[in-house]
Number of protein chains: 2
Amino acid sequence: MSGAVLFAVTGMEGEGWADALRALDPARPVRVWPDVGAPEEIAYACAWKPPAGALKGLAGLRAIFSIGAGVDALVGDPALPAEVPLVRAVDPDLSTRMSEYVVLNVLAHHRRLPRALADQKAHRWIQHDQPAAPAVRVGILGLGELGTDAARKLAVMGFQVAGWSRSPREVEGIACFAGAEGLAPFLARTDILVVLLPLTPATRGIVDTALLRGLARDGALGGPVLINAGRGGLQNEADLLAALTDGTQLAASLDVFETEPLPGDSPFWDLPNVLVTPHMAADIDPAAFARHVLGQIRRLEAGAPLQHVVNRAAGY
Amino acid sequence: MSGAVLFAVTGMEGEGWADALRALDPARPVRVWPDVGAPEEIAYACAWKPPAGALKGLAGLRAIFSIGAGVDALVGDPALPAEVPLVRAVDPDLSTRMSEYVVLNVLAHHRRLPRALADQKAHRWIQHDQPAAPAVRVGILGLGELGTDAARKLAVMGFQVAGWSRSPREVEGIACFAGAEGLAPFLARTDILVVLLPLTPATRGIVDTALLRGLARDGALGGPVLINAGRGGLQNEADLLAALTDGTQLAASLDVFETEPLPGDSPFWDLPNVLVTPHMAADIDPAAFARHVLGQIRRLEAGAPLQHVVNRAAGY
């Protein structure tokens with residue numbers, strides 16, 4: 001018998017996600033909390049901010065699938081069964097979408113989009129000089145699945161690309177830095193910093209005055225640019241606001257914030273050098289998520305190990 | 001003896017271009033019109049809107065190098081010696097810059113940048129649904145050096161990419177259409193049209209109501225998008241303005257216009273669905289141009305044929 005899948009979500013429609021999974025595997029029972037059916041039949045859970053206790057008492061639970069690449073909310077949930085493997089969402093669809101956002105925003109600042117928009121608004125035709133991509137150094141802070149895909153695509157565009165990760169990695173064509181001792185030299189060679197770190201106790205607030213001051217100041221763009229598509233909790237917003245207004249920081253693209261939705265009176269909305277988006281860099285598509293979940297379930301039911309299992313002690 | 005190079009330009013500083021060439025080949029005499037020196041020493045000319053008659057009476061002239069990929073102004077110049085080969089500018093720097101502009105603008109419309117900017121201005125946090133790149137079809141009208149580079153980079157981003165050229169071409173991973181009979185099916189499968197054609201008598205005004213109505217209307221973006229980084233003369237601006245305001249056309253990025261600079265009272269400046277830039281998609285860098293010119297001169301002086309020679313009858 002195929003184990004049943006339970007969707008336990010808040011803040012999104014569970015039925016749409018369940019339907020996408022049913023479409024790919026019509027024989028498998030799929031339930032949406034609170035309609036759990038017989039709890040002993042639930043072998044898999046797909047979770048996004050699960051209702052408190054929704055995953056308790058499921059004796060047959062074999063895996064929990066995070067709906068999304070970031071698992072900080074799930075790792076921090078004390079009601080999550082500690083002994084069941086937690087799997088992050090990894091799918092080409094998710095990587096494609098995140099790289100769209102990253103490449104769009106790197107190119108936008110590289111080609112001075114905020115200035116072009118201001119010129120257009122003022123009906124000003126001014127041809128500014130500007131460097132080509134090979135003169136600009138992009139750094140990806142967080143060289144996981146998403147960061148690696150974005151790094152490769154930025155390299156194709158011609159940028160000098162480096163990446164930083166906690167433990168050493170190798171990616172062809174990308175200068176790789178790692179560990180605490182690798183951070184300062186990584187920042188010092190970076191004109192455009194793309195933050196794609198997981199949010200953990202070790203990374204909370206990492207984007208602060210010290211980090212921003214460590215970025216290259218001799219670059220072809222005239223000042224460093226920050227792009228945060230990771231988590232709002234990674235940035236110290238008081239420090240960031242100061243850097244964006246006192247000239248430390250040339251510009252930024254911010255998709256995530258300490259408080260979401262970003263409050264209407266936040267000063268970030270009105271900064272002329274900041275592009276604000278509503279945490280939409282990379283939402284996974286229900287069909288892509290269903291493909292990922294069923295792929296992992298098939299592995300497990302064939303006796304193969306799960307992939308992309310979260311290290312809960314490390315927090316990602 | 002090395003043949004001398006003459007820069008004959010208007011609307012730009014000739015000395016900067018000449019200096020870039022001198023830096024790479026200090027032994028070669030480089031002159032800037034009107035300081036031609038001994039006319040019989042001039043073997044090569046680099047031209048951008050050359051002063052009338054500047055290239056007449058140069059008996060030793062072996063090649064004319066266009067400063068820029070578009071040669072419509074030079075081909076249309078009756079004072080240009082007809083028997084001397086005219087060479088278009090081809091350089092990785094130029095391709096890199098054009099592809100930056102193209103990929104930036106394709107991604108901007110794909111990710112609904114105009115809507116995101118309006119939301120930011122209004123302090124609105126709205127997460128809109130949106131397709132991923134593989135659901136969107138980009139078409140490159142003009143699959144030359146620049147179009148092919150842009151097509152390849154868009155394919156790396158995940159888009160479905162096709163190209164159209166006058167004579168048949170083959171590019172791996174790109175659906176290639178050609179000739180008059182290939183245009184309608186090419187347009188019918190295109191959600192985002194990127195215009196990179198040369199301006200010739202055959203292409204003048206090609207972007208008109210009929211062409212715009214031929215684009216796909218069943219696409220994932222909800223309407224077709226136009227990106228013109230070729231020449232302003234390619235677009236019928238009355239037709240385009242109508243299409244952008246009556247809903248035929250969802251949005252556009254326009255880098256070129258019939259009249260440049262775009263007059264301050266042009267309605268294009270204020271359309272909320274149009275990104276206007278001042279003909280800056282791909283300006284060649286003086287160092288890159290010097291590299292290209294010296295590479296071709298070395299070929300010629302070694303007895304090899306010139307590359308990238310313009311077919312003046314075809315106009316490109």
# chains A, B, ... in the order shown; residues from 1 in each chain; ligands from 1

$ residues_around --residues "Ala82 (chain A)" --least-positions-apart "5" --cutoff "10 Å" --atoms "only C-alpha atoms" --output "PyMOL selection string"
chain A and resi 75+77+312

$ residues_around --residues "region 274-276 of chain B" --least-positions-apart "3" --cutoff "8 Å" --atoms "only C-alpha atoms" --output "list of chain:residue names"
A:Ala116, A:Leu117, A:Gln120, B:Pro114, B:Ala251, B:Ala252, B:Ser253, B:Leu254, B:Asp255, B:Phe268, B:Trp269, B:Asp270, B:Leu271

$ atom_distance --atom1 "CA of Ile192 (chain A)" --atom2 "CA of His110 (chain B)"
22.4 Å

$ residues_around --residues "region 256-263 of chain A" --least-positions-apart "3" --cutoff "6 Å" --atoms "only C-alpha atoms" --output "ChimeraX atom specification"
/A:231-233,266,279

$ residues_around --residues "Gly222 (chain B)" --least-positions-apart "4" --cutoff "9 Å" --atoms "only C-alpha atoms" --output "JSON, numbers by chain"
{"B": [191, 217, 218, 250]}

$ interface_residues --of "chain A" --to "chain B" --cutoff "8 Å" --atoms "only C-alpha atoms" --output "PyMOL selection string"
chain A and resi 93+96-97+99-101+103-104+107-108+111+116-117+120-121+123-127+132-133+153+156-158+261-262+264+269-270+275-280

$ write_last_selection --atoms "N, CA, C and O atoms" --output "tab-separated table (two decimals), in the first residue's frame"
chain	number	residue	atom	x	y	z
A	93	ASP	N	13.03	23.92	-11.05
A	93	ASP	CA	12.11	25.07	-11.13
A	93	ASP	C	12.49	26.14	-10.10
A	93	ASP	O	12.53	27.33	-10.41
A	96	THR	N	15.79	27.77	-11.13
A	96	THR	CA	15.56	28.65	-12.27
A	96	THR	C	14.98	29.98	-11.82
A	96	THR	O	15.44	31.05	-12.21
A	97	ARG	N	13.98	29.91	-10.96
A	97	ARG	CA	13.32	31.14	-10.50
A	97	ARG	C	14.28	32.00	-9.68
A	97	ARG	O	14.32	33.23	-9.84
A	99	SER	N	17.53	32.05	-9.81
A	99	SER	CA	18.55	32.63	-10.69
A	99	SER	C	17.97	33.76	-11.55
A	99	SER	O	18.67	34.72	-11.86
A	100	GLU	N	16.71	33.64	-11.96
A	100	GLU	CA	16.06	34.76	-12.66
A	100	GLU	C	16.16	36.03	-11.81
A	100	GLU	O	16.57	37.10	-12.29
A	101	TYR	N	15.76	35.90	-10.54
A	101	TYR	CA	15.77	37.07	-9.66
A	101	TYR	C	17.19	37.61	-9.48
A	101	TYR	O	17.43	38.81	-9.55
A	103	VAL	N	20.01	37.15	-11.37
A	103	VAL	CA	20.62	37.72	-12.58
A	103	VAL	C	19.93	39.05	-12.93
A	103	VAL	O	20.60	40.03	-13.29
A	104	LEU	N	18.60	39.09	-12.81
A	104	LEU	CA	17.88	40.35	-13.07
A	104	LEU	C	18.41	41.47	-12.18
A	104	LEU	O	18.71	42.57	-12.65
A	107	LEU	N	22.14	42.46	-12.94
A	107	LEU	CA	22.19	43.27	-14.17
A	107	LEU	C	21.56	44.64	-13.96
A	107	LEU	O	22.03	45.64	-14.50
A	108	ALA	N	20.49	44.71	-13.18
A	108	ALA	CA	19.81	45.98	-12.95
A	108	ALA	C	20.77	46.99	-12.31
A	108	ALA	O	20.83	48.15	-12.72
A	111	ARG	N	23.78	47.78	-14.73
A	111	ARG	CA	23.39	48.71	-15.79
A	111	ARG	C	22.68	49.94	-15.23
A	111	ARG	O	22.06	50.69	-15.99
A	116	ALA	N	18.59	55.01	-14.60
A	116	ALA	CA	17.86	55.04	-15.87
A	116	ALA	C	16.38	55.36	-15.65
A	116	ALA	O	15.77	56.11	-16.42
A	117	LEU	N	15.80	54.80	-14.58
A	117	LEU	CA	14.39	55.08	-14.28
A	117	LEU	C	14.20	56.55	-13.91
A	117	LEU	O	13.21	57.17	-14.31
A	120	GLN	N	14.40	58.54	-17.07
A	120	GLN	CA	13.17	58.42	-17.85
A	120	GLN	C	12.07	59.29	-17.26
A	120	GLN	O	11.38	60.02	-17.99
A	121	LYS	N	11.93	59.26	-15.94
A	121	LYS	CA	10.88	60.05	-15.27
A	121	LYS	C	11.07	61.54	-15.57
A	121	LYS	O	10.09	62.27	-15.75
A	123	HIS	N	12.48	62.74	-18.24
A	123	HIS	CA	12.62	62.92	-19.71
A	123	HIS	C	14.04	63.35	-20.07
A	123	HIS	O	14.24	64.18	-20.94
A	124	ARG	N	15.03	62.76	-19.39
A	124	ARG	CA	16.43	63.11	-19.63
A	124	ARG	C	17.11	62.03	-20.48
A	124	ARG	O	17.10	60.85	-20.09
A	125	TRP	N	17.73	62.41	-21.58
A	125	TRP	CA	18.47	61.49	-22.45
A	125	TRP	C	19.95	61.68	-22.16
A	125	TRP	O	20.58	62.60	-22.69
A	126	ILE	N	20.51	60.84	-21.28
A	126	ILE	CA	21.93	60.99	-20.91
A	126	ILE	C	22.61	59.63	-21.06
A	126	ILE	O	22.20	58.65	-20.43
A	127	GLN	N	23.63	59.60	-21.91
A	127	GLN	CA	24.38	58.35	-22.10
A	127	GLN	C	25.55	58.33	-21.13
A	127	GLN	O	26.57	58.98	-21.36
A	132	ALA	N	31.75	47.03	-18.57
A	132	ALA	CA	31.13	45.79	-19.03
A	132	ALA	C	31.25	44.73	-17.92
A	132	ALA	O	32.04	44.88	-16.98
A	133	ALA	N	30.46	43.68	-18.04
A	133	ALA	CA	30.38	42.66	-16.99
A	133	ALA	C	31.74	42.13	-16.54
A	133	ALA	O	31.95	41.94	-15.33
A	153	LYS	N	25.21	31.01	-13.81
A	153	LYS	CA	24.54	31.85	-14.81
A	153	LYS	C	25.16	33.24	-14.86
A	153	LYS	O	25.27	33.84	-15.94
A	156	VAL	N	28.24	33.01	-16.97
A	156	VAL	CA	27.90	33.00	-18.40
A	156	VAL	C	27.69	34.43	-18.92
A	156	VAL	O	28.06	34.77	-20.04
A	157	MET	N	27.11	35.28	-18.08
A	157	MET	CA	26.89	36.68	-18.48
A	157	MET	C	28.19	37.47	-18.57
A	157	MET	O	28.20	38.58	-19.07
A	158	GLY	N	29.29	36.92	-18.05
A	158	GLY	CA	30.58	37.58	-18.19
A	158	GLY	C	31.14	38.15	-16.90
A	158	GLY	O	32.28	38.64	-16.90
A	261	PRO	N	4.69	41.02	5.88
A	261	PRO	CA	4.96	42.05	4.87
A	261	PRO	C	5.70	43.24	5.45
A	261	PRO	O	5.52	43.58	6.61
A	262	LEU	N	6.54	43.88	4.61
A	262	LEU	CA	7.24	45.09	5.02
A	262	LEU	C	6.21	46.15	5.41
A	262	LEU	O	5.33	46.48	4.62
A	264	GLY	N	4.05	49.44	5.95
A	264	GLY	CA	3.85	50.55	5.03
A	264	GLY	C	4.70	51.76	5.34
A	264	GLY	O	5.00	52.56	4.45
A	269	TRP	N	10.96	51.46	1.49
A	269	TRP	CA	10.09	51.64	0.31
A	269	TRP	C	10.54	52.83	-0.55
A	269	TRP	O	10.46	52.79	-1.77
A	270	ASP	N	10.97	53.91	0.11
A	270	ASP	CA	11.18	55.17	-0.61
A	270	ASP	C	12.63	55.48	-0.96
A	270	ASP	O	12.91	56.55	-1.49
A	275	LEU	N	15.65	48.53	-4.68
A	275	LEU	CA	14.53	47.85	-5.34
A	275	LEU	C	13.92	46.88	-4.32
A	275	LEU	O	14.58	45.94	-3.89
A	276	VAL	N	12.67	47.13	-3.94
A	276	VAL	CA	11.96	46.30	-2.96
A	276	VAL	C	11.02	45.35	-3.70
A	276	VAL	O	10.26	45.78	-4.57
A	277	THR	N	11.08	44.07	-3.35
A	277	THR	CA	10.10	43.10	-3.86
A	277	THR	C	9.56	42.29	-2.68
A	277	THR	O	10.23	42.17	-1.64
A	278	PRO	N	8.34	41.75	-2.84
A	278	PRO	CA	7.63	41.15	-1.70
A	278	PRO	C	7.93	39.66	-1.51
A	278	PRO	O	7.03	38.84	-1.59
A	279	HIS	N	9.17	39.32	-1.19
A	279	HIS	CA	9.56	37.91	-0.93
A	279	HIS	C	9.01	37.01	-2.04
A	279	HIS	O	8.30	36.04	-1.77
A	280	MET	N	9.38	37.35	-3.27
A	280	MET	CA	8.90	36.58	-4.42
A	280	MET	C	10.04	36.10	-5.31
A	280	MET	O	9.80	35.67	-6.44

$ select_by_dssp --residues "region 13-261 of chain B" --states "helix (DSSP H, G or I)" --output "number ranges by chain"
B: 14-24, 39-41, 72-75, 92-110, 113-121, 133-135, 145-156, 179-188, 209-213, 232-234, 237-245

$ residues_around --residues "region 61-74 of chain A" --least-positions-apart "4" --cutoff "7 Å" --atoms "only C-alpha atoms" --output "NGL selection string"
:A and (42-49 or 84-90 or 198-200 or 284 or 315-316)

$ residues_around --residues "Thr148 (chain B)" --least-positions-apart "4" --cutoff "12 Å" --atoms "only C-alpha atoms" --output "number ranges by chain"
B: 95-96, 98-99, 102, 139-144, 152-155, 161-165, 169-176, 194, 196-197

$ atom_distance --atom1 "CA of Gly11 (chain B)" --atom2 "CA of Pro51 (chain B)"
10.1 Å

$ select_by_dssp --residues "region 41-260 of chain A" --states "strand (DSSP E)" --output "ChimeraX atom specification"
/A:42-48,63-66,86-87,137-141,160-165,175-178,192-195,225-228,251-254

$ write_last_selection --atoms "N, CA, C and O atoms" --output "short mmCIF file (atom, residue, chain, number, x, y, z; two decimals), in the first residue's frame"
data_model
loop_
_atom_site.label_atom_id
_atom_site.label_comp_id
_atom_site.auth_asym_id
_atom_site.auth_seq_id
_atom_site.Cartn_x
_atom_site.Cartn_y
_atom_site.Cartn_z
N ILE A 42 -0.61 8.00 7.48
CA ILE A 42 0.22 9.12 7.00
C ILE A 42 1.70 8.72 7.08
O ILE A 42 2.24 8.50 8.16
N ALA A 43 2.32 8.63 5.91
CA ALA A 43 3.75 8.27 5.88
C ALA A 43 4.62 9.49 5.58
O ALA A 43 5.82 9.49 5.88
N TYR A 44 4.05 10.51 4.96
CA TYR A 44 4.82 11.68 4.53
C TYR A 44 4.04 12.95 4.84
O TYR A 44 2.81 12.99 4.68
N ALA A 45 4.76 13.97 5.24
CA ALA A 45 4.11 15.26 5.47
C ALA A 45 4.81 16.33 4.65
O ALA A 45 6.04 16.31 4.51
N CYS A 46 4.03 17.23 4.08
CA CYS A 46 4.57 18.40 3.38
C CYS A 46 4.15 19.61 4.21
O CYS A 46 2.95 19.82 4.44
N ALA A 47 5.14 20.40 4.63
CA ALA A 47 4.84 21.39 5.66
C ALA A 47 5.33 22.77 5.29
O ALA A 47 6.41 22.95 4.73
N TRP A 48 4.53 23.77 5.62
CA TRP A 48 4.90 25.18 5.57
C TRP A 48 4.19 25.84 6.73
O TRP A 48 2.99 25.93 6.75
N ALA A 63 9.00 10.89 6.52
CA ALA A 63 9.75 12.07 6.06
C ALA A 63 8.84 13.29 6.11
O ALA A 63 7.62 13.18 5.93
N ILE A 64 9.48 14.44 6.37
CA ILE A 64 8.77 15.72 6.32
C ILE A 64 9.41 16.55 5.21
O ILE A 64 10.62 16.77 5.21
N PHE A 65 8.61 17.01 4.26
CA PHE A 65 9.12 17.80 3.13
C PHE A 65 8.80 19.28 3.36
O PHE A 65 7.62 19.64 3.46
N SER A 66 9.83 20.09 3.41
CA SER A 66 9.64 21.53 3.52
C SER A 66 9.17 22.08 2.19
O SER A 66 9.76 21.78 1.15
N LEU A 86 13.96 15.61 7.84
CA LEU A 86 13.37 16.82 7.25
C LEU A 86 14.09 17.08 5.93
O LEU A 86 15.33 17.11 5.90
N VAL A 87 13.34 17.25 4.85
CA VAL A 87 13.91 17.36 3.51
C VAL A 87 13.63 18.76 2.96
O VAL A 87 12.49 19.22 2.96
N ARG A 137 32.81 42.41 -10.17
CA ARG A 137 32.97 41.19 -9.37
C ARG A 137 31.73 40.94 -8.52
O ARG A 137 31.38 41.74 -7.67
N VAL A 138 31.08 39.82 -8.81
CA VAL A 138 29.90 39.43 -8.04
C VAL A 138 30.32 38.36 -7.04
O VAL A 138 31.12 37.48 -7.37
N GLY A 139 29.79 38.42 -5.83
CA GLY A 139 30.07 37.41 -4.81
C GLY A 139 28.77 36.83 -4.29
O GLY A 139 27.85 37.57 -3.96
N ILE A 140 28.70 35.49 -4.26
CA ILE A 140 27.50 34.81 -3.77
C ILE A 140 27.80 34.33 -2.35
O ILE A 140 28.63 33.43 -2.15
N LEU A 141 27.12 34.90 -1.38
CA LEU A 141 27.30 34.50 0.02
C LEU A 141 26.30 33.39 0.30
O LEU A 141 25.11 33.65 0.47
N GLN A 160 32.88 38.43 -13.17
CA GLN A 160 33.82 37.69 -12.33
C GLN A 160 33.05 37.23 -11.10
O GLN A 160 32.63 38.04 -10.30
N VAL A 161 32.89 35.92 -10.94
CA VAL A 161 32.02 35.41 -9.88
C VAL A 161 32.82 34.61 -8.85
O VAL A 161 33.66 33.79 -9.21
N ALA A 162 32.55 34.90 -7.59
CA ALA A 162 33.09 34.11 -6.48
C ALA A 162 31.94 33.70 -5.58
O ALA A 162 30.85 34.27 -5.64
N GLY A 163 32.20 32.68 -4.76
CA GLY A 163 31.19 32.24 -3.81
C GLY A 163 31.82 31.95 -2.47
O GLY A 163 33.01 31.64 -2.39
N TRP A 164 31.03 32.10 -1.43
CA TRP A 164 31.49 31.76 -0.09
C TRP A 164 30.54 30.73 0.51
O TRP A 164 29.31 30.85 0.37
N SER A 165 31.09 29.72 1.14
CA SER A 165 30.28 28.73 1.85
C SER A 165 30.96 28.39 3.18
O SER A 165 32.16 28.65 3.35
N ALA A 175 35.38 31.32 -8.23
CA ALA A 175 36.40 31.37 -7.17
C ALA A 175 35.71 31.07 -5.85
O ALA A 175 34.80 31.78 -5.45
N CYS A 176 36.13 29.99 -5.20
CA CYS A 176 35.44 29.54 -3.99
C CYS A 176 36.19 29.91 -2.73
O CYS A 176 37.38 29.59 -2.60
N PHE A 177 35.52 30.56 -1.81
CA PHE A 177 36.05 30.91 -0.49
C PHE A 177 35.23 30.14 0.55
O PHE A 177 34.06 29.86 0.30
N ALA A 178 35.84 29.83 1.69
CA ALA A 178 35.09 29.08 2.70
C ALA A 178 35.54 29.44 4.11
O ALA A 178 36.66 29.91 4.33
N ILE A 192 29.34 43.38 -6.06
CA ILE A 192 27.90 43.11 -5.88
C ILE A 192 27.79 41.84 -5.05
O ILE A 192 28.22 40.76 -5.48
N LEU A 193 27.22 41.98 -3.85
CA LEU A 193 27.09 40.84 -2.94
C LEU A 193 25.66 40.29 -3.00
O LEU A 193 24.70 41.04 -2.79
N VAL A 194 25.55 38.99 -3.29
CA VAL A 194 24.25 38.32 -3.34
C VAL A 194 24.15 37.40 -2.14
O VAL A 194 24.95 36.47 -2.00
N VAL A 195 23.18 37.66 -1.26
CA VAL A 195 23.05 36.88 -0.03
C VAL A 195 22.01 35.78 -0.22
O VAL A 195 20.83 36.07 -0.47
N VAL A 225 27.12 46.96 -3.93
CA VAL A 225 25.69 46.71 -4.06
C VAL A 225 25.35 45.44 -3.28
O VAL A 225 26.12 44.48 -3.30
N LEU A 226 24.21 45.46 -2.58
CA LEU A 226 23.74 44.29 -1.84
C LEU A 226 22.45 43.77 -2.46
O LEU A 226 21.54 44.54 -2.76
N ILE A 227 22.39 42.44 -2.62
CA ILE A 227 21.15 41.79 -3.06
C ILE A 227 20.83 40.70 -2.04
O ILE A 227 21.61 39.77 -1.89
N ASN A 228 19.71 40.85 -1.30
CA ASN A 228 19.34 39.82 -0.33
C ASN A 228 18.09 39.10 -0.79
O ASN A 228 17.01 39.65 -0.83
N ALA A 251 23.78 50.79 -3.50
CA ALA A 251 22.41 50.42 -3.84
C ALA A 251 22.12 49.03 -3.30
O ALA A 251 23.02 48.32 -2.83
N ALA A 252 20.84 48.63 -3.38
CA ALA A 252 20.46 47.30 -2.91
C ALA A 252 19.19 46.84 -3.61
O ALA A 252 18.39 47.65 -4.08
N SER A 253 19.04 45.51 -3.67
CA SER A 253 17.76 44.87 -3.99
C SER A 253 17.40 44.01 -2.80
O SER A 253 18.19 43.14 -2.40
N LEU A 254 16.24 44.25 -2.24
CA LEU A 254 15.82 43.52 -1.04
C LEU A 254 14.50 42.82 -1.32
O LEU A 254 13.49 43.47 -1.59
#

$ closest_residue --among "B:Gly60, B:Pro305, B:Gly179, B:Gly295" --to "Glu40 (chain B)" --atoms "only C-alpha atoms"
B:Gly60

$ closest_residue --among "A:Leu187, A:Ala287, A:Ala180, A:Leu221" --to "Leu21 (chain A)" --atoms "only C-alpha atoms"
A:Ala287

$ atom_distance --atom1 "CA of Thr248 (chain A)" --atom2 "CA of Ala220 (chain A)"
15.2 Å
